[in-house]
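Trainee: One file: upload25.txt (compact mmCIF, C-alpha atoms).
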# COMPACT_ATOMS: atom_id res chain seq x y z
CA MET A 147 -12.91 33.05 5.05
CA ARG A 148 -16.08 35.03 4.54
CA HIS A 149 -17.36 37.03 7.52
CA GLN A 150 -20.49 34.94 8.18
CA GLU A 151 -18.46 31.71 7.95
CA GLU A 152 -16.10 32.93 10.68
CA HIS A 153 -18.88 32.73 13.25
CA SER A 154 -20.63 29.65 11.89
CA PRO A 155 -20.22 26.47 13.93
CA ARG A 156 -17.55 24.07 12.72
CA VAL A 157 -17.03 20.35 13.25
CA LEU A 158 -13.73 18.48 13.48
CA LYS A 159 -14.13 15.91 10.72
CA HIS A 160 -10.59 14.61 10.27
CA PRO A 161 -8.40 14.47 13.42
CA LEU A 162 -4.69 15.18 13.12
CA ILE A 163 -3.64 11.52 13.14
CA SER A 164 -5.99 10.75 10.24
CA ARG A 165 -4.68 13.72 8.26
CA LEU A 166 -1.09 12.58 8.93
CA PHE A 167 -2.00 9.08 7.73
CA HIS A 168 -3.56 10.62 4.64
CA TRP A 169 -0.24 12.41 4.00
CA GLY A 170 1.50 9.06 4.43
CA LEU A 171 -0.76 7.61 1.74
CA ILE A 172 -0.06 10.58 -0.55
CA LEU A 173 3.71 10.33 -0.12
CA GLY A 174 3.71 6.51 -0.17
CA PHE A 175 0.90 5.17 -2.33
CA LEU A 176 0.89 7.90 -4.98
CA PRO A 177 4.58 7.60 -6.01
CA ALA A 178 4.30 3.80 -5.78
CA ALA A 179 1.20 3.82 -8.02
CA ILE A 180 2.65 6.17 -10.65
CA THR A 181 5.99 4.34 -10.79
CA GLY A 182 4.08 1.04 -10.81
CA PHE A 183 2.53 1.96 -14.16
CA PHE A 184 6.01 2.71 -15.57
CA ILE A 185 7.42 -0.53 -14.18
CA TRP A 186 4.57 -2.40 -15.89
CA LEU A 187 4.80 -0.61 -19.26
CA LYS A 188 8.63 -0.11 -19.30
CA PRO A 189 8.60 2.99 -21.52
CA PHE A 190 12.09 4.22 -20.50
CA GLY A 191 15.71 3.08 -20.75
CA GLU A 192 17.28 0.62 -18.32
CA ASP A 193 18.87 3.23 -16.03
CA LEU A 194 15.72 5.32 -15.63
CA GLN A 195 13.63 2.17 -15.10
CA ASN A 196 15.97 1.29 -12.23
CA VAL A 197 15.56 4.71 -10.63
CA ILE A 198 11.78 4.31 -11.03
CA MET A 199 11.94 0.94 -9.28
CA GLN A 200 13.89 2.51 -6.41
CA ILE A 201 11.24 5.24 -6.07
CA HIS A 202 8.58 2.48 -6.10
CA ILE A 203 10.34 0.72 -3.21
CA VAL A 204 10.75 3.94 -1.18
CA GLY A 205 7.03 4.67 -1.76
CA ALA A 206 6.19 1.13 -0.59
CA CYS A 207 8.27 1.68 2.59
CA ILE A 208 6.44 4.94 3.39
CA LEU A 209 3.06 3.29 2.68
CA THR A 210 3.83 0.26 4.85
CA LEU A 211 5.17 2.33 7.75
CA SER A 212 2.17 4.67 7.57
CA CYS A 213 -0.24 1.71 7.76
CA ILE A 214 1.64 0.11 10.67
CA CYS A 215 1.84 3.40 12.64
CA TYR A 216 -1.82 4.23 12.01
CA THR A 217 -2.89 0.75 13.16
CA ILE A 218 -0.80 1.03 16.32
CA PHE A 219 -1.50 4.64 17.27
CA ALA A 220 -5.06 5.02 15.97
CA LEU A 221 -6.62 1.59 16.38
CA ASP A 222 -9.96 3.24 17.20
CA ARG A 223 -9.91 5.01 13.80
CA ILE A 224 -9.22 1.67 12.09
CA VAL A 225 -12.11 0.06 13.98
CA ILE A 226 -14.58 2.82 13.09
CA PHE A 227 -13.34 2.75 9.48
CA ILE A 228 -13.93 -1.01 9.21
CA ARG A 229 -17.34 -0.66 10.91
CA ARG A 230 -18.34 2.04 8.44
CA ILE A 231 -17.17 0.35 5.24
CA LEU A 232 -18.76 -2.98 6.18
CA THR A 233 -22.12 -1.53 7.24
CA TRP A 234 -24.56 -1.31 4.35
CA ASP A 235 -28.30 -0.73 4.38
CA SER A 236 -31.10 -0.13 1.88
CA GLN A 237 -30.33 3.62 1.87
CA ASP A 238 -26.81 2.85 0.70
CA ILE A 239 -28.08 0.64 -2.12
CA ALA A 240 -30.48 3.39 -3.16
CA TRP A 241 -27.59 5.89 -3.09
CA MET A 242 -25.46 3.60 -5.25
CA LYS A 243 -28.28 3.16 -7.79
CA ILE A 244 -28.26 6.89 -8.51
CA GLY A 245 -24.49 7.28 -8.07
CA GLY A 246 -25.04 9.71 -5.22
CA GLY A 247 -26.58 12.13 -7.71
CA TYR A 248 -23.10 13.00 -9.03
CA PRO A 249 -23.55 11.92 -12.68
CA GLN A 250 -26.78 13.92 -12.89
CA LYS A 251 -25.09 16.96 -11.33
CA MET A 252 -21.91 16.71 -13.43
CA LEU A 253 -23.35 15.71 -16.79
CA LEU A 254 -26.85 17.16 -16.79
CA GLY A 255 -26.52 19.99 -14.27
CA LYS A 256 -29.50 18.55 -12.38
CA THR A 257 -29.74 18.21 -8.61
CA ILE A 258 -31.78 15.20 -7.56
CA PRO A 259 -32.79 14.04 -4.06
CA VAL A 260 -30.13 11.74 -2.56
CA PRO A 261 -30.61 9.30 0.36
CA PRO A 262 -28.89 10.65 3.50
CA THR A 263 -25.50 9.16 4.34
CA GLY A 264 -23.22 8.86 7.34
CA LYS A 265 -19.63 10.07 7.51
CA MET A 266 -18.77 7.91 4.49
CA ASN A 267 -21.09 7.76 1.53
CA PRO A 268 -21.48 4.34 -0.18
CA GLY A 269 -19.04 5.36 -2.93
CA GLN A 270 -16.44 6.09 -0.27
CA LYS A 271 -17.32 2.83 1.49
CA GLN A 272 -16.69 0.92 -1.73
CA MET A 273 -13.37 2.72 -2.16
CA GLY A 274 -12.58 1.98 1.50
CA ILE A 275 -13.22 -1.76 1.03
CA MET A 276 -11.02 -1.76 -2.07
CA MET A 277 -8.23 0.17 -0.33
CA LEU A 278 -8.30 -1.93 2.86
CA PHE A 279 -8.24 -5.38 1.26
CA GLY A 280 -6.40 -4.32 -1.90
CA GLY A 281 -3.83 -2.46 0.20
CA ILE A 282 -3.14 -5.56 2.31
CA PHE A 283 -2.77 -7.65 -0.89
CA LEU A 284 -0.44 -5.04 -2.44
CA ILE A 285 1.77 -4.75 0.63
CA VAL A 286 2.05 -8.51 1.26
CA THR A 287 2.68 -9.48 -2.39
CA GLY A 288 4.99 -6.49 -2.95
CA TRP A 289 7.30 -7.30 -0.02
CA ALA A 290 7.25 -11.01 -0.91
CA LEU A 291 8.34 -10.15 -4.46
CA TYR A 292 11.01 -7.79 -3.15
CA ALA A 293 12.51 -10.12 -0.55
CA PHE A 294 11.88 -13.69 -1.70
CA LEU A 295 11.86 -13.69 -5.49
CA PRO A 296 15.05 -15.80 -5.81
CA VAL A 297 14.14 -18.34 -3.11
CA ALA A 298 10.35 -18.71 -3.32
CA PRO A 299 8.65 -21.21 -5.67
CA LYS A 300 8.40 -19.68 -9.15
CA LEU A 301 4.67 -20.38 -9.55
CA VAL A 302 3.84 -18.66 -6.25
CA MET A 303 5.91 -15.63 -7.24
CA TYR A 304 4.23 -15.57 -10.67
CA TRP A 305 0.77 -15.37 -9.09
CA PHE A 306 1.96 -12.83 -6.50
CA ASP A 307 3.22 -10.72 -9.41
CA MET A 308 -0.11 -11.05 -11.23
CA ILE A 309 -2.11 -10.17 -8.09
CA HIS A 310 0.22 -7.22 -7.38
CA LEU A 311 -0.26 -5.97 -10.94
CA ALA A 312 -4.05 -6.44 -11.09
CA VAL A 313 -4.74 -4.95 -7.65
CA GLY A 314 -2.25 -2.14 -8.29
CA LEU A 315 -3.93 -1.29 -11.60
CA ILE A 316 -7.42 -1.23 -10.07
CA LEU A 317 -6.37 0.83 -7.04
CA GLY A 318 -4.06 3.05 -9.09
CA VAL A 319 -6.88 4.01 -11.47
CA SER A 320 -9.38 4.33 -8.58
CA VAL A 321 -7.09 6.74 -6.75
CA PHE A 322 -7.20 9.14 -9.68
CA GLY A 323 -11.03 8.94 -9.47
CA HIS A 324 -10.69 9.67 -5.74
CA ILE A 325 -8.49 12.73 -6.46
CA PHE A 326 -10.99 13.98 -9.06
CA MET A 327 -13.90 13.63 -6.64
CA ALA A 328 -11.89 15.29 -3.85
CA ILE A 329 -11.19 18.34 -6.01
CA TYR A 330 -14.82 18.38 -7.21
CA ASN A 331 -15.95 18.32 -3.58
CA TRP A 332 -13.74 21.30 -2.68
CA GLY A 333 -14.97 21.72 0.91
CA GLU A 334 -13.91 18.18 1.73
CA PHE A 335 -10.54 18.78 0.06
CA LEU A 336 -9.93 21.90 2.19
CA CYS A 337 -10.99 19.99 5.30
CA MET A 338 -8.54 17.11 4.72
CA PHE A 339 -5.62 19.33 3.73
CA GLY A 340 -6.43 22.12 6.18
CA ASP A 341 -7.10 21.90 9.90
CA GLY A 342 -9.53 19.00 9.57
CA THR A 343 -12.60 21.11 10.33
CA GLN A 344 -15.63 21.81 8.20
CA LEU A 345 -18.64 24.10 8.50
CA LEU A 346 -21.40 22.27 10.33
CA SER A 347 -23.84 23.28 7.58
CA GLU A 348 -21.60 21.71 4.94
CA ALA A 349 -21.19 18.52 6.97
CA LYS A 350 -24.99 18.43 7.44
CA HIS A 351 -25.45 18.65 3.69
CA HIS A 352 -23.00 15.84 2.85
CA ASN A 353 -23.17 13.67 5.98
CA PRO A 354 -26.57 14.27 7.64
CA VAL A 355 -26.70 10.89 9.44
CA TRP A 356 -23.22 11.44 10.92
CA VAL A 357 -24.08 14.96 12.13
CA GLU A 358 -27.35 13.69 13.58
CA ASN A 359 -25.95 10.72 15.49
CA GLU A 360 -22.21 10.79 15.86
CA ILE A 361 -21.03 14.25 16.83
CA ILE A 362 -21.22 16.16 20.11
CA LEU A 363 -20.76 19.76 21.17
CA VAL A 364 -17.34 20.57 22.62
CA LYS A 365 -17.86 22.24 26.00
CA THR A 366 -15.15 24.84 25.78
CA ASP A 367 -15.11 28.59 25.55
CA GLU A 368 -11.87 28.81 23.62
CA SER A 369 -10.13 27.10 20.73
CA VAL A 370 -9.07 23.54 21.28
CA PRO A 371 -5.70 22.32 20.00
CA VAL A 372 -6.08 19.54 17.45
CA THR A 373 -3.85 16.73 18.58
CA GLY A 374 -6.09 13.75 18.07
CA GLN A 375 -9.65 12.62 18.24
CA HIS A 376 -9.93 12.57 22.03
CA HIS A 377 -11.18 16.10 22.59
CA VAL A 378 -14.38 15.13 24.21
CA ALA A 379 -14.86 17.56 27.05
CA MET B 292 -4.78 25.74 16.48
CA ALA B 293 -8.02 24.78 14.90
CA GLN B 294 -11.28 26.16 16.16
CA TYR B 295 -14.26 23.90 16.19
CA ASP B 296 -17.50 23.50 18.09
CA TYR B 297 -18.36 19.88 17.42
CA VAL B 298 -16.31 16.72 17.51
CA GLU B 299 -16.99 13.06 16.78
CA LYS B 300 -17.99 10.93 19.76
CA ALA B 301 -15.10 8.83 21.11
CA VAL B 302 -15.00 5.38 19.53
CA GLN B 303 -15.46 2.48 21.90
CA VAL B 304 -13.43 -0.47 20.64
CA SER B 305 -15.01 -3.71 21.81
CA ARG B 306 -12.88 -6.64 22.94
CA ARG B 307 -14.23 -8.67 20.00
CA GLU B 308 -13.09 -6.00 17.52
CA PHE B 309 -9.68 -5.67 19.16
CA ILE B 310 -9.12 -9.43 19.07
CA GLY B 311 -10.37 -9.53 15.46
CA ILE B 312 -7.92 -6.89 14.22
CA VAL B 313 -4.98 -8.19 16.23
CA GLY B 314 -5.84 -11.72 15.04
CA VAL B 315 -5.88 -10.76 11.36
CA ALA B 316 -2.65 -8.73 11.69
CA GLY B 317 -1.04 -11.56 13.67
CA ALA B 318 -2.14 -14.18 11.14
CA ILE B 319 -0.66 -12.17 8.25
CA LEU B 320 2.62 -11.58 10.11
CA TRP B 321 2.87 -15.16 11.40
CA THR B 322 2.12 -16.69 7.98
CA GLY B 323 4.64 -14.35 6.35
CA ALA B 324 7.32 -15.08 8.93
CA TYR B 325 6.66 -18.85 8.75
CA LEU B 326 6.85 -18.91 4.93
CA ALA B 327 9.98 -16.73 4.91
CA THR B 328 11.86 -18.85 7.46
CA ASP B 329 10.66 -22.03 5.73
CA LEU B 330 11.96 -20.83 2.36
CA ILE B 331 15.30 -19.76 3.81
CA GLN B 332 15.68 -23.04 5.73
CA ASP B 333 14.91 -24.96 2.54
CA ARG B 334 17.42 -22.93 0.55
CA THR B 335 20.10 -23.39 3.22
CA LYS B 336 19.39 -27.13 3.28
CA TYR B 337 19.82 -27.42 -0.51
CA ILE B 338 23.01 -25.34 -0.49
CA LYS B 339 24.48 -27.59 2.23
CA MET B 340 23.45 -30.77 0.38
CA ARG B 341 24.95 -29.44 -2.86
CA ALA B 342 28.21 -28.53 -1.09
CA GLN B 343 28.39 -31.97 0.56
CA GLY B 344 27.82 -33.61 -2.85
CA ILE B 345 30.64 -31.58 -4.41
CA TYR B 346 33.03 -32.44 -1.55
CA LYS B 347 32.06 -36.13 -1.84
CA ASP B 348 32.79 -36.06 -5.60
CA ASP B 349 36.07 -34.33 -4.86
CA VAL B 350 37.12 -37.01 -2.37
CA LYS B 351 36.33 -39.74 -4.90
CA SER B 352 38.18 -38.03 -7.78
CA LYS B 353 41.72 -38.94 -8.66
CA ILE B 354 42.33 -35.55 -10.24
CA ARG B 355 41.10 -32.74 -8.06
CA GLN B 356 42.40 -29.64 -9.84
CA SER B 357 41.19 -28.35 -13.18
CA HIS B 358 44.72 -27.55 -14.40
CA ASN B 359 45.62 -31.24 -13.94
CA ASN B 360 42.54 -32.43 -15.79
CA GLN B 361 43.63 -34.27 -18.93
CA ALA B 362 40.53 -33.25 -20.87
CA VAL B 363 41.12 -29.58 -20.09
CA THR B 364 44.83 -29.70 -21.00
CA ASP B 365 43.87 -31.49 -24.25
CA VAL B 366 41.42 -28.73 -25.12
CA TYR B 367 44.11 -26.07 -24.66
CA LYS B 368 46.75 -28.12 -26.49
CA LYS B 369 44.63 -28.94 -29.54
CA PHE B 370 42.20 -26.11 -29.74
CA ALA B 371 42.42 -23.04 -27.54
CA ARG B 372 46.26 -22.84 -27.35
CA ASN B 373 46.66 -21.63 -23.76
CA PRO B 374 44.55 -20.31 -20.85
CA LEU B 375 43.42 -16.69 -21.38
CA SER B 376 43.95 -16.95 -25.15
CA PRO B 377 41.39 -14.89 -27.10
CA LEU B 378 39.53 -18.04 -28.18
CA ALA B 379 39.54 -19.42 -24.61
CA GLU B 380 38.22 -16.09 -23.30
CA GLU B 381 35.50 -16.04 -25.91
CA LEU B 382 34.38 -19.62 -25.30
CA PHE B 383 34.92 -20.31 -21.61
CA HIS B 384 34.78 -17.03 -19.75
CA THR B 385 31.54 -15.64 -18.36
CA LYS B 386 30.55 -12.01 -18.58
CA TYR B 387 29.88 -9.66 -15.65
CA VAL B 388 26.22 -9.14 -14.93
CA ASP B 389 25.21 -6.29 -12.61
CA ARG B 390 22.70 -8.00 -10.34
CA THR B 391 22.16 -4.90 -8.20
CA LYS B 392 19.89 -3.62 -10.98
CA LEU B 393 16.30 -4.22 -10.00
CA VAL B 394 14.44 -4.30 -13.30
Please lay out the structure from this file as structure tokens.
Mentor:
Amino acid sequence: MRHQEEHSPRVLKHPLISRLFHWGLILGFLPAAITGFFIWLKPFGEDLQNVIMQIHIVGACILTLSCICYTIFALDRIVIFIRRILTWDSQDIAWMKIGGGYPQKMLLGKTIPVPPTGKMNPGQKQMGIMMLFGGIFLIVTGWALYAFLPVAPKLVMYWFDMIHLAVGLILGVSVFGHIFMAIYNWGEFLCMFGDGTQLLSEAKHHNPVWVENEIILVKTDESVPVTGQHHVA
Amino acid sequence: MAQYDYVEKAVQVSRREFIGIVGVAGAILWTGAYLATDLIQDRTKYIKMRAQGIYKDDVKSKIRQSHNNQAVTDVYKKFARNPLSPLAEELFHTKYVDRTKLV
């Protein structure tokens, strides 16, 4: 860390429970998504395809458990997440129209003015909507296919399989876009995989509305252990 | 130990939001559980009906064992020689299928 950054104010952006859930998604969704492509395309021999299917199921278990635990132990984070992804205004539409200024920055090297956003920018909100509803579809259809394929009506299972494939493809491809954007936005990457904090100046740049309205100063003279989001002094 | 100066305001979950989330989760779980038990009950019902039908046929039949079945003994006598003959194995015996494989 550079010397001036050491004394710059920082904000806790991702509490521990959210970072743990994110790890759950990495260890659950990512293996399930990658193996899902192989299960769909069947490029390998029978034995390896079976191992891949077993990895897919283990990934699905981790993903499902992570979602259940996060819903139970961090219901407030789920509520704020749903509030954020379902709240859209004219600023968000304007942000979407210019792609958040990212295509201009990446392709033309130009920085253009971007409408201010909250903690989630509209691109992240769109991804959030897709992950929330798509994730529920994937989990429900996946477990139904796993447990009830021999006993359920064939037509129902056929459509469950189709939905599982289509939603899995869309989310699987989107997640690689998400990873690309996370690495591009390196500060955010370090924040999520580090201690969850970010320089206030950086948060102000990316999330000015959030910094303006949704954060408060912690009244403490020492470091505060990160054990959750309830560190309001 | 992370050091930070600012933190997000605590989220106040309203009763409406709590009921909404619990309702959606409950609806998904209840529908899933209902469909699963319904399917299993249906399957059990059909298995029982099938077993009853087979027992009923058995009660009605004069010959109740395959080795006493005239048609079967005729097949072996005229065609497949004896049980477990190579031709009988080829024609009548099923092959093992490993159903533990998932793909």
Trainee: For chain A, list the residues within 6 Å of chain B, counting only C-alpha atoms, and write the list as a ChimeraX atom specification.
Mentor: /A:155-158,196,222,341,360-364,369,371
Trainee: Tell me, in Å to one decimal, how far atom CA of A:Phe167 is from atom CA of A:His351.
Mentor: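 Calculated distance between atom CA of A:Phe167 and atom CA of A:His351 is 25.6 Å.
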Trainee: So the first atom is atom CA of A:Leu336 and the second is atom CA of A:Cys215; what is the distance between them in Å, to one decimal place?
Mentor: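 Interatomic distance, atom CA of A:Leu336 to atom CA of A:Cys215: 24.3 Å.
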Trainee: Please report the interatomic distance between atom CA of A:Pro259 and atom CA of A:Gly342 in Å with one decimal.
Mentor: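 Result for atom CA of A:Pro259 versus atom CA of A:Gly342: 27.4 Å, one decimal.
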Trainee: Return as a tab-separated table the residues of stretch 177-227 of chain A lying at most 8 Å from stretch 295-319 of chain A, together with the closest atom-to-atom pair for each and the distance in Å to one decimal, counting only C-alpha atoms, with rows in chain order and ascending residue number.
Mentor:
residue	atom	partner	partner_atom	distance
A:Ala179	CA	A:Gly318	CA	5.4
A:Ile180	CA	A:Gly318	CA	7.6
A:Gly182	CA	A:Gly314	CA	7.5
A:Phe183	CA	A:Leu315	CA	7.7
A:Trp186	CA	A:Leu311	CA	7.8
Trainee: Please provide the set of residues having any atom within 12 Å of stretch 371-387 of chain B, restricted to all atoms listed in the file, with same-chain residues fewer than 6 positions apart removed, written as a list in words.
Mentor: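 The residues that qualify are Ser357, His358, Val363, Thr364 and Asp365 of chain B.
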Trainee: Any idea what's packed within 10 Å of stretch 236-244 of chain A, counting all atoms listed in the file, ignoring anything in its chain fewer than 6 positions away? Could you give it as a JSON list (two decimals) with C-alpha atoms, keeping the file's coordinate frame?
Mentor:
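part27.json, freshly written:
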[["chain", "number", "residue", "atom", "x", "y", "z"],
["A", 250, "GLN", "CA", -26.78, 13.92, -12.89],
["A", 258, "ILE", "CA", -31.78, 15.20, -7.56],
["A", 259, "PRO", "CA", -32.79, 14.04, -4.06],
["A", 260, "VAL", "CA", -30.13, 11.74, -2.56],
["A", 261, "PRO", "CA", -30.61, 9.30, 0.36],
["A", 262, "PRO", "CA", -28.89, 10.65, 3.50],
["A", 263, "THR", "CA", -25.50, 9.16, 4.34],
["A", 264, "GLY", "CA", -23.22, 8.86, 7.34],
["A", 267, "ASN", "CA", -21.09, 7.76, 1.53],
["A", 268, "PRO", "CA", -21.48, 4.34, -0.18],
["A", 269, "GLY", "CA", -19.04, 5.36, -2.93],
["A", 271, "LYS", "CA", -17.32, 2.83, 1.49],
["A", 272, "GLN", "CA", -16.69, 0.92, -1.73]]
Trainee: Give the centre and edge lengths of an axis-aligned box, in Å to one decimal, that holds all listed atoms of stretch 219-236 of chain A with 5 Å on each side, as JSON.
Mentor:
{"center_x": -16.3, "center_y": 1.0, "center_z": 9.6, "size_x": 39.6, "size_y": 18.0, "size_z": 25.4}
